[in-house]
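Beneath this line is the structure, given in structure tokens, with notes to follow.
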Amino acid sequence: MNSQQAPAAVVMIRPHNFCSNPDTKGDNAFQVTAGEPEEVRRRALAEFDAAVETLRQAGVRVHIFDDEGTATPDSVFPNNWFSTHAGGHIAIYPMYAPSRRLERRWDVIEELKRMYRVQDVIDYSGLEEDGLALEGTGAMVLDHIGRIAYTVTSNRADPVLLERFCTHFNYEPMAFEACDAQGRDVYHSNVLMGIGNDFVMICLDMIRDPARRAEVASRLAETGRTVIELGEDQIANFAGNTFALTGDEPLLALSSRALAALNPEQIEIIERSTRLLPLSIPTIETAGGSVRCMLAGIHLSPRERT
């Protein structure tokens, strides 16, 4: 069983030197100080390994790469620097923070080429020299079926580069501004919304322009998915940072904190078609990302084994 929207395999990066990245704290309102560095690293590794085991037990194929680098504190969030697409396509992205540019690893791409059918790799990373960034499926929430790239505009999602990506990969760009109650811009689209097979979870109220909010709501409704509206308090607890996967059954991976923030009605809608798969990652979440950020979905066809 597989789904165009919900991949059956993911790449995850085991972080041996995890911490909350000071280079990204300026525009990531979700980041907090976590405690003594060595203890933080130990807890993050334990959370990572437990998450991998939970995913594998649910039938998801997990490809793990170890990050030993001391200058890549956000390496646990690989969905920002590459994405994969049906038909054998891979995109490599330009990153806003210089320290995050060090996360790109060609050994990961080469291993994907070995295990899956890859036709081409489109590398946008050189556009960093022009001050442009488009941080992968953090910056864009992709409807792989409806071919729409929902994107909160920010210094991590340049609209010109978004148009270029959408032209290459055949998506319709849908860009909009979003901010929290304090007026702070949303730094990544995937903390605001997530798209599953049968439902979409989003905080429409954070799209402050009423006309644009109505346009986004209309496009979401046209897909036939049930729209689960989230509140800002739920977004603050990473309830928008979820990822639909295909394991032994349809799954929605999310953090334990995110699940606790959902109300019974929202859970009931999800569980009509999908099993909730909570992962406990409180230490990793101090870096400003949650479960969706940890999972780089593999939308490629496996090579036949001989």
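Residues are referred to by chain and number: the chain letter is A, B, ... according to the order shown in the structure tokens, the number counts from 1 in that chain, and ligands are numbered separately from 1 in the order shown.
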Could you list, as a list of chain:residue names, every residue within 10 Å of Asn155 (chain A), counting only C-alpha atoms and ignoring same-chain residues fewer than 2 positions away?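 That gives A:Asp27, A:Met95, A:Tyr96, A:Ala97, A:Gly131, A:Leu132, A:Ala133, A:Leu134, A:Glu135, A:Ala139, A:Val152, A:Thr153, A:Ala157, A:Asp158, A:Pro159, A:Asp185, A:Tyr187, A:His188.
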Can you tell me which residues surround region 191-204 of chain A at a distance of at most 8 Å, considering only C-alpha atoms, apart from same-chain residues fewer than 5 positions away, and format the answer as number ranges by chain? A: 3, 5-6, 138, 141-143, 186, 213, 217, 220, 224-232, 235, 238-244, 252, 270, 273, 289
May I ask which of the residues A:Glu103, A:Asp209, A:Glu249, A:Glu36 is the closest one to Gly59 (chain A), counting only C-alpha atoms?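 Using only C-alpha atoms, Gly59 (chain A) sits closest to A:Glu249.
Minimum atom-to-atom distance to Gly288 (chain A), evaluated using only C-alpha atoms, belongs to A:Asp74 out of A:Tyr150, A:Asp74, A:Pro302, A:Val160.
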Distance in Å - CA of Glu271 (chain A) versus CA of Asp180 (chain A): 28.3 Å
So that I can check the surroundings of Leu254 (chain A), please list as number ranges by chain every protein, DNA and RNA residue that reaches within 12 Å of it, counting only C-alpha atoms and ignoring chain neighbours fewer than 2 positions away. A: 51, 54-55, 191, 194, 201, 237-245, 251-252, 256-262, 275-282, 285, 289-295
Would you mind exporting C-alpha atoms of the selected residues as a PDB file, in the first residue's frame?
```pdb
ATOM      1  CA  ALA A  51      10.925   7.774  17.178  1.00  0.00           C
ATOM      2  CA  THR A  54       7.985   3.615  16.579  1.00  0.00           C
ATOM      3  CA  LEU A  55       7.915   4.440  12.867  1.00  0.00           C
ATOM      4  CA  VAL A 191       4.220  24.709  11.321  1.00  0.00           C
ATOM      5  CA  GLY A 194      -0.200  19.780   7.084  1.00  0.00           C
ATOM      6  CA  MET A 201      -4.920  20.684   9.246  1.00  0.00           C
ATOM      7  CA  ASN A 237       2.156  23.224  20.374  1.00  0.00           C
ATOM      8  CA  PHE A 238       3.141  21.970  16.900  1.00  0.00           C
ATOM      9  CA  ALA A 239      -0.309  20.588  16.007  1.00  0.00           C
ATOM     10  CA  GLY A 240       0.186  21.855  12.457  1.00  0.00           C
ATOM     11  CA  ASN A 241       3.564  20.123  12.088  1.00  0.00           C
ATOM     12  CA  THR A 242       2.214  16.696  11.152  1.00  0.00           C
ATOM     13  CA  PHE A 243       3.079  14.284   8.347  1.00  0.00           C
ATOM     14  CA  ALA A 244       0.867  11.734   6.606  1.00  0.00           C
ATOM     15  CA  LEU A 245       2.669   8.431   6.019  1.00  0.00           C
ATOM     16  CA  LEU A 251      -0.667   7.049   9.537  1.00  0.00           C
ATOM     17  CA  LEU A 252      -0.373  10.612  10.799  1.00  0.00           C
ATOM     18  CA  SER A 256       2.974  13.737  21.696  1.00  0.00           C
ATOM     19  CA  ARG A 257       2.722  17.443  22.507  1.00  0.00           C
ATOM     20  CA  ALA A 258       0.806  18.070  19.273  1.00  0.00           C
ATOM     21  CA  LEU A 259      -1.596  15.203  19.942  1.00  0.00           C
ATOM     22  CA  ALA A 260      -2.292  16.520  23.444  1.00  0.00           C
ATOM     23  CA  ALA A 261      -3.230  19.887  21.907  1.00  0.00           C
ATOM     24  CA  LEU A 262      -5.920  18.416  19.626  1.00  0.00           C
ATOM     25  CA  ARG A 275      -4.084   6.078  12.752  1.00  0.00           C
ATOM     26  CA  LEU A 276      -2.464   8.728  14.896  1.00  0.00           C
ATOM     27  CA  LEU A 277       1.192   7.928  15.541  1.00  0.00           C
ATOM     28  CA  PRO A 278       2.544  10.159  18.333  1.00  0.00           C
ATOM     29  CA  LEU A 279       6.298  10.501  18.852  1.00  0.00           C
ATOM     30  CA  SER A 280       7.689  11.922  22.096  1.00  0.00           C
ATOM     31  CA  ILE A 281      10.348  14.491  21.133  1.00  0.00           C
ATOM     32  CA  PRO A 282      10.185  17.331  23.724  1.00  0.00           C
ATOM     33  CA  GLU A 285      11.139  20.477  19.742  1.00  0.00           C
ATOM     34  CA  GLY A 289      10.712  22.138  14.759  1.00  0.00           C
ATOM     35  CA  SER A 290       8.704  19.002  15.364  1.00  0.00           C
ATOM     36  CA  VAL A 291       7.923  15.644  13.767  1.00  0.00           C
ATOM     37  CA  ARG A 292       7.225  16.875  10.232  1.00  0.00           C
ATOM     38  CA  CYS A 293      10.575  18.644  10.146  1.00  0.00           C
ATOM     39  CA  MET A 294      12.398  15.428  11.108  1.00  0.00           C
ATOM     40  CA  LEU A 295      10.995  13.407   8.201  1.00  0.00           C
TER      41      LEU A 295
END
```
Find the distance between CA of Ala181 (chain A) and CA of Ser218 (chain A) and write it in Å to one decimal.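 Those two atoms sit 23.3 Å apart.
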Name the residues of region 50-189 of chain A that come out as alpha helix (DSSP H) in a backbone DSSP run; write them as an mmCIF file with N, CA and C atoms, in the first residue's frame.
```cif
data_model
loop_
_atom_site.group_PDB
_atom_site.id
_atom_site.type_symbol
_atom_site.label_atom_id
_atom_site.label_comp_id
_atom_site.auth_asym_id
_atom_site.auth_seq_id
_atom_site.Cartn_x
_atom_site.Cartn_y
_atom_site.Cartn_z
ATOM 1 N N ALA A 50 14.013 6.427 19.679
ATOM 2 C CA ALA A 50 12.678 5.923 20.021
ATOM 3 C C ALA A 50 11.685 6.235 18.904
ATOM 4 N N ALA A 51 11.823 7.408 18.278
ATOM 5 C CA ALA A 51 10.925 7.774 17.178
ATOM 6 C C ALA A 51 11.126 6.837 15.988
ATOM 7 N N VAL A 52 12.382 6.531 15.673
ATOM 8 C CA VAL A 52 12.670 5.607 14.574
ATOM 9 C C VAL A 52 12.032 4.255 14.836
ATOM 10 N N GLU A 53 12.169 3.758 16.043
ATOM 11 C CA GLU A 53 11.606 2.448 16.381
ATOM 12 C C GLU A 53 10.090 2.451 16.248
ATOM 13 N N THR A 54 9.442 3.514 16.689
ATOM 14 C CA THR A 54 7.985 3.615 16.579
ATOM 15 C C THR A 54 7.545 3.623 15.121
ATOM 16 N N LEU A 55 8.246 4.382 14.285
ATOM 17 C CA LEU A 55 7.915 4.440 12.867
ATOM 18 C C LEU A 55 8.095 3.077 12.208
ATOM 19 N N ARG A 56 9.186 2.422 12.498
ATOM 20 C CA ARG A 56 9.435 1.118 11.887
ATOM 21 C C ARG A 56 8.424 0.083 12.342
ATOM 22 N N GLN A 57 8.050 0.103 13.601
ATOM 23 C CA GLN A 57 7.042 -0.840 14.086
ATOM 24 C C GLN A 57 5.697 -0.619 13.407
ATOM 25 N N PRO A 98 23.510 30.480 7.340
ATOM 26 C CA PRO A 98 24.748 29.850 6.852
ATOM 27 C C PRO A 98 25.037 28.491 7.489
ATOM 28 N N SER A 99 24.781 28.335 8.776
ATOM 29 C CA SER A 99 25.072 27.052 9.428
ATOM 30 C C SER A 99 24.203 25.930 8.875
ATOM 31 N N ARG A 100 23.027 26.252 8.402
ATOM 32 C CA ARG A 100 22.136 25.222 7.877
ATOM 33 C C ARG A 100 22.579 24.750 6.491
ATOM 34 N N ARG A 101 23.339 25.549 5.792
ATOM 35 C CA ARG A 101 23.817 25.156 4.462
ATOM 36 C C ARG A 101 24.786 23.973 4.554
ATOM 37 N N TRP A 106 25.835 15.067 -0.032
ATOM 38 C CA TRP A 106 25.672 14.344 -1.288
ATOM 39 C C TRP A 106 25.694 12.839 -1.082
ATOM 40 N N ASP A 107 26.244 12.367 0.052
ATOM 41 C CA ASP A 107 26.191 10.924 0.301
ATOM 42 C C ASP A 107 24.752 10.458 0.492
ATOM 43 N N VAL A 108 23.911 11.320 1.040
ATOM 44 C CA VAL A 108 22.484 10.987 1.181
ATOM 45 C C VAL A 108 21.844 10.864 -0.200
ATOM 46 N N ILE A 109 22.130 11.819 -1.068
ATOM 47 C CA ILE A 109 21.554 11.790 -2.408
ATOM 48 C C ILE A 109 22.056 10.575 -3.181
ATOM 49 N N GLU A 110 23.336 10.269 -3.066
ATOM 50 C CA GLU A 110 23.896 9.112 -3.776
ATOM 51 C C GLU A 110 23.276 7.811 -3.284
ATOM 52 N N GLU A 111 23.006 7.714 -1.989
ATOM 53 C CA GLU A 111 22.370 6.510 -1.463
ATOM 54 C C GLU A 111 20.937 6.386 -1.967
ATOM 55 N N LEU A 112 20.245 7.501 -2.068
ATOM 56 C CA LEU A 112 18.896 7.472 -2.632
ATOM 57 C C LEU A 112 18.932 7.034 -4.092
ATOM 58 N N LYS A 113 19.916 7.496 -4.837
ATOM 59 C CA LYS A 113 20.057 7.065 -6.231
ATOM 60 C C LYS A 113 20.296 5.559 -6.319
ATOM 61 N N ARG A 114 21.031 5.033 -5.350
ATOM 62 C CA ARG A 114 21.334 3.600 -5.357
ATOM 63 C C ARG A 114 20.101 2.759 -5.066
ATOM 64 N N MET A 115 19.234 3.255 -4.181
ATOM 65 C CA MET A 115 18.103 2.462 -3.718
ATOM 66 C C MET A 115 16.811 2.747 -4.467
ATOM 67 N N GLY A 136 12.771 24.036 1.288
ATOM 68 C CA GLY A 136 12.159 22.735 1.062
ATOM 69 C C GLY A 136 10.724 22.615 1.529
ATOM 70 N N THR A 137 10.417 21.447 2.107
ATOM 71 C CA THR A 137 9.052 21.194 2.559
ATOM 72 C C THR A 137 8.822 21.711 3.969
ATOM 73 N N GLY A 138 9.744 22.566 4.430
ATOM 74 C CA GLY A 138 9.439 23.430 5.566
ATOM 75 C C GLY A 138 8.801 24.697 5.034
ATOM 76 N N ALA A 139 9.426 25.272 3.989
ATOM 77 C CA ALA A 139 8.908 26.498 3.374
ATOM 78 C C ALA A 139 7.625 26.251 2.598
ATOM 79 N N PRO A 159 9.626 34.370 -3.067
ATOM 80 C CA PRO A 159 8.559 34.138 -4.050
ATOM 81 C C PRO A 159 9.066 33.888 -5.467
ATOM 82 N N VAL A 160 10.188 34.489 -5.838
ATOM 83 C CA VAL A 160 10.738 34.252 -7.175
ATOM 84 C C VAL A 160 11.222 32.811 -7.301
ATOM 85 N N LEU A 161 11.899 32.333 -6.274
ATOM 86 C CA LEU A 161 12.387 30.959 -6.284
ATOM 87 C C LEU A 161 11.227 29.966 -6.183
ATOM 88 N N LEU A 162 10.189 30.345 -5.458
ATOM 89 C CA LEU A 162 8.992 29.508 -5.403
ATOM 90 C C LEU A 162 8.412 29.318 -6.801
ATOM 91 N N GLU A 163 8.325 30.397 -7.564
ATOM 92 C CA GLU A 163 7.811 30.305 -8.941
ATOM 93 C C GLU A 163 8.688 29.390 -9.789
ATOM 94 N N ARG A 164 9.989 29.492 -9.598
ATOM 95 C CA ARG A 164 10.908 28.659 -10.371
ATOM 96 C C ARG A 164 10.721 27.182 -10.021
ATOM 97 N N PHE A 165 10.629 26.887 -8.723
ATOM 98 C CA PHE A 165 10.387 25.507 -8.305
ATOM 99 C C PHE A 165 9.085 24.976 -8.906
ATOM 100 N N CYS A 166 8.039 25.770 -8.817
ATOM 101 C CA CYS A 166 6.727 25.317 -9.289
ATOM 102 C C CYS A 166 6.726 25.078 -10.802
ATOM 103 N N THR A 167 7.474 25.871 -11.542
ATOM 104 C CA THR A 167 7.590 25.651 -12.977
ATOM 105 C C THR A 167 8.301 24.338 -13.269
ATOM 106 N N HIS A 168 9.390 24.072 -12.549
ATOM 107 C CA HIS A 168 10.156 22.840 -12.753
ATOM 108 C C HIS A 168 9.354 21.595 -12.372
ATOM 109 N N PHE A 169 8.612 21.685 -11.273
ATOM 110 C CA PHE A 169 7.997 20.494 -10.691
ATOM 111 C C PHE A 169 6.479 20.419 -10.891
#
```
In Å, how far is it from CA of Pro94 (chain A) to CA of Glu128 (chain A)?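 Here the two named atoms are 5.4 Å from each other.
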Please identify the strand (DSSP E) residues within region 101-182 of chain A (assignment by DSSP from backbone atoms) and present them as a list in words.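 In region 101-182 of chain A, DSSP puts these residues in strand (DSSP E): Asp120, Val121, Ile122, Asp123, Met140, Val141, Leu142, Asp143, Ile148, Ala149, Tyr150, Thr151, Val152, Glu172, Pro173, Met174, Ala175 and Phe176 of chain A.
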Dump N, CA, C and O atoms for the selected residues as a PDB file, in the first residue's frame?
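This is the output file again17.pdb:
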```pdb
ATOM      1  N   ASP A 120      16.610  12.809 -12.194  1.00  0.00           N
ATOM      2  CA  ASP A 120      17.404  14.033 -12.175  1.00  0.00           C
ATOM      3  C   ASP A 120      17.409  14.651 -10.782  1.00  0.00           C
ATOM      4  O   ASP A 120      16.567  14.356  -9.943  1.00  0.00           O
ATOM      5  N   VAL A 121      18.414  15.493 -10.563  1.00  0.00           N
ATOM      6  CA  VAL A 121      18.548  16.262  -9.329  1.00  0.00           C
ATOM      7  C   VAL A 121      18.668  17.725  -9.722  1.00  0.00           C
ATOM      8  O   VAL A 121      19.599  18.105 -10.455  1.00  0.00           O
ATOM      9  N   ILE A 122      17.717  18.529  -9.297  1.00  0.00           N
ATOM     10  CA  ILE A 122      17.739  19.959  -9.598  1.00  0.00           C
ATOM     11  C   ILE A 122      18.245  20.687  -8.356  1.00  0.00           C
ATOM     12  O   ILE A 122      17.625  20.622  -7.289  1.00  0.00           O
ATOM     13  N   ASP A 123      19.371  21.341  -8.501  1.00  0.00           N
ATOM     14  CA  ASP A 123      20.064  21.958  -7.370  1.00  0.00           C
ATOM     15  C   ASP A 123      19.899  23.477  -7.421  1.00  0.00           C
ATOM     16  O   ASP A 123      20.469  24.143  -8.276  1.00  0.00           O
ATOM     17  N   MET A 140       7.515  25.065   1.980  1.00  0.00           N
ATOM     18  CA  MET A 140       6.347  24.742   1.152  1.00  0.00           C
ATOM     19  C   MET A 140       5.633  23.518   1.738  1.00  0.00           C
ATOM     20  O   MET A 140       6.279  22.532   2.094  1.00  0.00           O
ATOM     21  N   VAL A 141       4.322  23.585   1.815  1.00  0.00           N
ATOM     22  CA  VAL A 141       3.518  22.405   2.125  1.00  0.00           C
ATOM     23  C   VAL A 141       2.881  21.974   0.814  1.00  0.00           C
ATOM     24  O   VAL A 141       2.062  22.699   0.239  1.00  0.00           O
ATOM     25  N   LEU A 142       3.291  20.817   0.334  1.00  0.00           N
ATOM     26  CA  LEU A 142       2.926  20.400  -1.017  1.00  0.00           C
ATOM     27  C   LEU A 142       1.721  19.477  -1.029  1.00  0.00           C
ATOM     28  O   LEU A 142       1.694  18.463  -0.324  1.00  0.00           O
ATOM     29  N   ASP A 143       0.738  19.850  -1.828  1.00  0.00           N
ATOM     30  CA  ASP A 143      -0.362  18.945  -2.157  1.00  0.00           C
ATOM     31  C   ASP A 143       0.077  18.202  -3.413  1.00  0.00           C
ATOM     32  O   ASP A 143       0.012  18.722  -4.513  1.00  0.00           O
ATOM     33  N   ILE A 148      -0.410  21.715  -5.685  1.00  0.00           N
ATOM     34  CA  ILE A 148      -0.397  23.072  -5.139  1.00  0.00           C
ATOM     35  C   ILE A 148       0.713  23.164  -4.103  1.00  0.00           C
ATOM     36  O   ILE A 148       0.866  22.265  -3.270  1.00  0.00           O
ATOM     37  N   ALA A 149       1.489  24.261  -4.139  1.00  0.00           N
ATOM     38  CA  ALA A 149       2.539  24.519  -3.162  1.00  0.00           C
ATOM     39  C   ALA A 149       2.104  25.674  -2.262  1.00  0.00           C
ATOM     40  O   ALA A 149       2.235  26.850  -2.629  1.00  0.00           O
ATOM     41  N   TYR A 150       1.551  25.342  -1.105  1.00  0.00           N
ATOM     42  CA  TYR A 150       1.127  26.358  -0.141  1.00  0.00           C
ATOM     43  C   TYR A 150       2.367  26.886   0.582  1.00  0.00           C
ATOM     44  O   TYR A 150       3.127  26.122   1.186  1.00  0.00           O
ATOM     45  N   THR A 151       2.561  28.205   0.536  1.00  0.00           N
ATOM     46  CA  THR A 151       3.824  28.767   1.002  1.00  0.00           C
ATOM     47  C   THR A 151       3.602  30.085   1.739  1.00  0.00           C
ATOM     48  O   THR A 151       3.062  31.038   1.176  1.00  0.00           O
ATOM     49  N   VAL A 152       4.038  30.128   2.995  1.00  0.00           N
ATOM     50  CA  VAL A 152       4.063  31.379   3.740  1.00  0.00           C
ATOM     51  C   VAL A 152       5.306  32.149   3.315  1.00  0.00           C
ATOM     52  O   VAL A 152       6.429  31.642   3.418  1.00  0.00           O
ATOM     53  N   GLU A 172       1.200  24.507  -8.656  1.00  0.00           N
ATOM     54  CA  GLU A 172       0.647  25.865  -8.642  1.00  0.00           C
ATOM     55  C   GLU A 172       1.117  26.551  -7.364  1.00  0.00           C
ATOM     56  O   GLU A 172       0.867  26.041  -6.272  1.00  0.00           O
ATOM     57  N   PRO A 173       1.800  27.688  -7.461  1.00  0.00           N
ATOM     58  CA  PRO A 173       2.213  28.373  -6.237  1.00  0.00           C
ATOM     59  C   PRO A 173       1.034  29.081  -5.578  1.00  0.00           C
ATOM     60  O   PRO A 173       0.266  29.765  -6.247  1.00  0.00           O
ATOM     61  N   MET A 174       0.888  28.905  -4.294  1.00  0.00           N
ATOM     62  CA  MET A 174      -0.100  29.663  -3.531  1.00  0.00           C
ATOM     63  C   MET A 174       0.615  30.253  -2.326  1.00  0.00           C
ATOM     64  O   MET A 174       0.803  29.599  -1.296  1.00  0.00           O
ATOM     65  N   ALA A 175       1.083  31.489  -2.484  1.00  0.00           N
ATOM     66  CA  ALA A 175       1.852  32.169  -1.448  1.00  0.00           C
ATOM     67  C   ALA A 175       0.947  33.123  -0.668  1.00  0.00           C
ATOM     68  O   ALA A 175       0.009  33.718  -1.214  1.00  0.00           O
ATOM     69  N   PHE A 176       1.243  33.258   0.619  1.00  0.00           N
ATOM     70  CA  PHE A 176       0.455  34.148   1.470  1.00  0.00           C
ATOM     71  C   PHE A 176       1.283  34.508   2.699  1.00  0.00           C
ATOM     72  O   PHE A 176       2.253  33.817   3.048  1.00  0.00           O
TER      73      PHE A 176
END
```
I'd like to know which of A:Ser125, A:Thr246, A:Gln266, A:Asn80 is closest to Gln234 (chain A), using only C-alpha atoms.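 Closest to Gln234 (chain A), using only C-alpha atoms: A:Gln266.
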Using only C-alpha atoms, can you tell me which of A:Asp248, A:Asp67, A:Glu265, A:Glu215 comes closest to Ala9 (chain A)?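 For Ala9 (chain A), the nearest of the candidates is A:Asp248.
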